[in-house]
Each structure stands twice: as structure tokens, then as C-alpha cells.
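S.K.: Got model-v9.cif for you, mmCIF, C-alpha atoms:
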```
data_work
loop_
_atom_site.label_atom_id
_atom_site.label_comp_id
_atom_site.auth_asym_id
_atom_site.auth_seq_id
_atom_site.Cartn_x
_atom_site.Cartn_y
_atom_site.Cartn_z
CA MET A 65 0.00 0.00 0.00
CA ALA A 66 2.80 2.41 0.79
CA GLU A 67 4.22 1.91 -2.67
CA SER A 68 1.05 3.08 -4.43
CA LYS A 69 1.01 6.30 -2.37
CA VAL A 70 4.55 7.03 -3.49
CA ARG A 71 3.64 6.43 -7.12
CA LYS A 72 0.62 8.74 -6.90
CA GLN A 73 2.70 11.47 -5.31
CA ALA A 74 5.44 11.05 -7.92
CA ALA A 75 2.90 11.25 -10.75
CA ALA A 76 1.34 14.38 -9.26
CA LYS A 77 4.79 15.91 -8.80
CA GLN A 78 5.69 15.22 -12.44
CA LYS A 79 2.41 16.73 -13.59
CA ARG A 80 3.02 19.92 -11.58
CA LYS A 81 6.54 20.10 -12.99
CA ARG A 82 5.28 19.80 -16.58
CA LEU A 83 2.63 22.47 -15.98
CA ALA A 84 5.25 24.81 -14.53
CA GLU A 85 7.51 24.24 -17.56
CA LEU A 86 4.63 24.96 -19.93
CA ALA A 87 3.76 28.14 -18.06
CA GLU A 88 7.39 29.24 -18.25
CA LYS A 89 7.52 28.58 -22.01
CA ARG A 90 4.31 30.56 -22.52
CA THR A 91 5.68 33.59 -20.70
CA GLU A 92 8.93 33.29 -22.63
CA THR A 93 7.15 33.25 -25.98
CA ALA A 94 4.89 36.09 -24.85
CA ARG A 95 7.99 38.19 -24.18
CA LEU A 96 9.36 37.38 -27.65
CA ALA A 97 6.09 38.19 -29.42
CA PRO A 98 5.43 41.78 -30.46
CA ALA A 99 3.63 43.85 -27.85
CA GLY A 100 0.84 44.92 -30.17
CA ARG A 101 0.12 46.54 -33.44
CA ASN A 102 -0.79 49.97 -32.20
CA TRP A 103 1.97 51.39 -34.40
CA VAL A 104 0.19 50.41 -37.63
CA PRO A 105 -2.28 53.32 -37.90
CA ALA A 106 0.40 55.77 -36.79
CA VAL A 107 2.60 54.68 -39.70
CA PHE A 108 0.29 53.72 -42.54
CA VAL A 109 -2.39 56.42 -42.28
CA PRO A 110 0.19 59.19 -42.85
CA ILE A 111 1.69 57.22 -45.74
CA GLY A 112 -1.72 56.97 -47.42
CA LEU A 113 -2.44 60.64 -46.75
CA LEU A 114 0.96 61.55 -48.17
CA GLY A 115 -0.03 59.74 -51.36
CA VAL A 116 -3.29 61.68 -51.57
CA ILE A 117 -1.50 64.97 -50.89
CA TRP A 118 1.13 64.10 -53.53
CA MET A 119 -1.60 63.54 -56.13
CA VAL A 120 -3.44 66.77 -55.21
CA VAL A 121 -0.26 68.87 -55.32
CA TYR A 122 0.78 67.33 -58.63
CA ASN A 123 -2.61 68.00 -60.20
CA LEU A 124 -2.91 71.56 -58.87
CA ALA A 125 0.65 72.88 -59.00
CA GLY A 126 2.80 70.16 -60.54
CA GLN A 127 3.89 72.30 -63.47
CA ASP A 128 5.15 75.04 -61.15
CA ILE A 129 7.27 72.72 -58.99
CA GLY A 130 10.59 71.89 -60.59
CA PHE A 131 11.22 68.33 -59.47
CA MET A 132 7.60 67.32 -60.10
CA ARG A 133 7.79 68.70 -63.62
CA SER A 134 11.05 66.82 -64.24
CA ILE A 135 9.70 63.40 -63.25
CA GLY A 136 6.53 63.93 -65.27
CA ASP A 137 3.93 61.17 -65.20
CA TRP A 138 5.85 59.24 -62.57
CA ASN A 139 4.12 61.51 -60.07
CA VAL A 140 0.91 59.53 -60.60
CA ALA A 141 2.77 56.28 -59.96
CA ILE A 142 4.39 57.68 -56.79
CA GLY A 143 1.05 58.88 -55.44
CA MET A 144 -0.71 55.62 -56.24
CA ILE A 145 2.08 53.52 -54.71
CA LEU A 146 1.90 55.53 -51.49
CA ILE A 147 -1.88 55.10 -51.35
CA VAL A 148 -1.68 51.34 -52.02
CA VAL A 149 1.05 50.92 -49.39
CA GLY A 150 -1.17 52.77 -46.91
CA PHE A 151 -4.16 50.55 -47.61
CA SER A 152 -2.19 47.30 -47.70
CA GLY A 153 -0.38 48.19 -44.49
CA MET A 154 -3.68 48.60 -42.71
CA THR A 155 -4.25 44.87 -43.13
CA LEU A 156 -1.66 44.40 -40.36
CA TRP A 157 -3.85 46.25 -37.88
CA LYS A 158 -5.77 44.08 -35.43
#
```
What would you get if you wrote out this structure as C-alpha cells?

M.R.:
Amino acid sequence: MAESKVRKQAAAKQKRKRLAELAEKRTETARLAPAGRNWVPAVFVPIGLLGVIWMVVYNLAGQDIGFMRSIGDWNVAIGMILIVVGFSGMTLWK
């Protein structure tokens, strides 16, 4: 009878040890994981707005601004790329 008590205690001790190891691994992976994605709107909303502003400035005053005149129709591509990057980056936001 004494032997079965020892086995039950040993099994319970092993179970507690495994649970403690799992809890430690979870906290370790939680520390390695990114804290959150609160940075996404702060980065990608201004990028999208910059694309819209680029398009508006090019359409209203592009011929009066030297570097915009020199790159020509690439201004449309730059504005559209900035807008698409802004929208696609927002898919990272949770």
C-alpha cells in the first residue's frame, strides 16, 4: 500500500513540474512576441495621406514645382504607390 502512495505522489509531482515548464515557455514566448500593433495606424495612415497629398499637389501645382515637372507622369505612380502601401499596411492592424 505504501508503494502506491509514493507512485501517486510522484505522478502528481511530475504533472506539476510539466505544468510549470509549460507556463514558463508561454511567458517566454509572450515576451518574444510583439507587444501589439498599435503602431500600424500611426505609420500607414500618414503614408496613405501623403499619397493623396502628392496627387493633389501634382494635379494643382505640378507644373510650377521643378522636381515634379522633371519626373513627369511618374508623379501619378508615386502617389498611387503611397496610397496602395497605406491601404495594404492597414491589413496588419488588429

S.K.: Excluding same-chain residues fewer than 4 positions from range 150-157 of chain A, what lies within 6 Å of it counting all atoms listed in the file, as a VMD selection string?

M.R.: chain A and resid 101 104 108 111 to 112

S.K.: Skip range 121-123 of chain A itself and residues of its chain fewer than 2 positions away, then list as number ranges by chain all residues within 12 Å of it, counting all atoms listed in the file.

M.R.: A: 114-119, 125-143

S.K.: How many Å lie between CA of Ala84 in chain A and CA of Arg71 in chain A, rounded to one decimal?

M.R.: 19.9 Å

S.K.: CA of Leu146 in chain A and CA of Val120 in chain A are how many Å apart?

M.R.: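 Rounded to one decimal, the two atoms are 13.0 Å apart.
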
S.K.: Which residue is closest to Val109 in chain A? Choose from A:Leu124, A:Leu86, A:Val149, A:Gln73 and count all atoms listed in the file.

M.R.: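 For Val109 in chain A, the nearest of the candidates is A:Val149.
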
S.K.: Box for range 103-113 of chain A: with edges along x, y and z, all listed atoms inside and 5 Å added on each side, what are the centre and edge lengths in Å to one decimal, as AutoDock Vina command-line options?

M.R.:
```
--center_x 0.1 --center_y 55.5 --center_z -40.9 --size_x 15.0 --size_y 20.2 --size_z 23.0
```

S.K.: What does the distance between CA of Lys158 in chain A and CA of Pro105 in chain A come to in Å, to one decimal place?

M.R.: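 We find that CA of Lys158 in chain A and CA of Pro105 in chain A lie 10.2 Å from each other.
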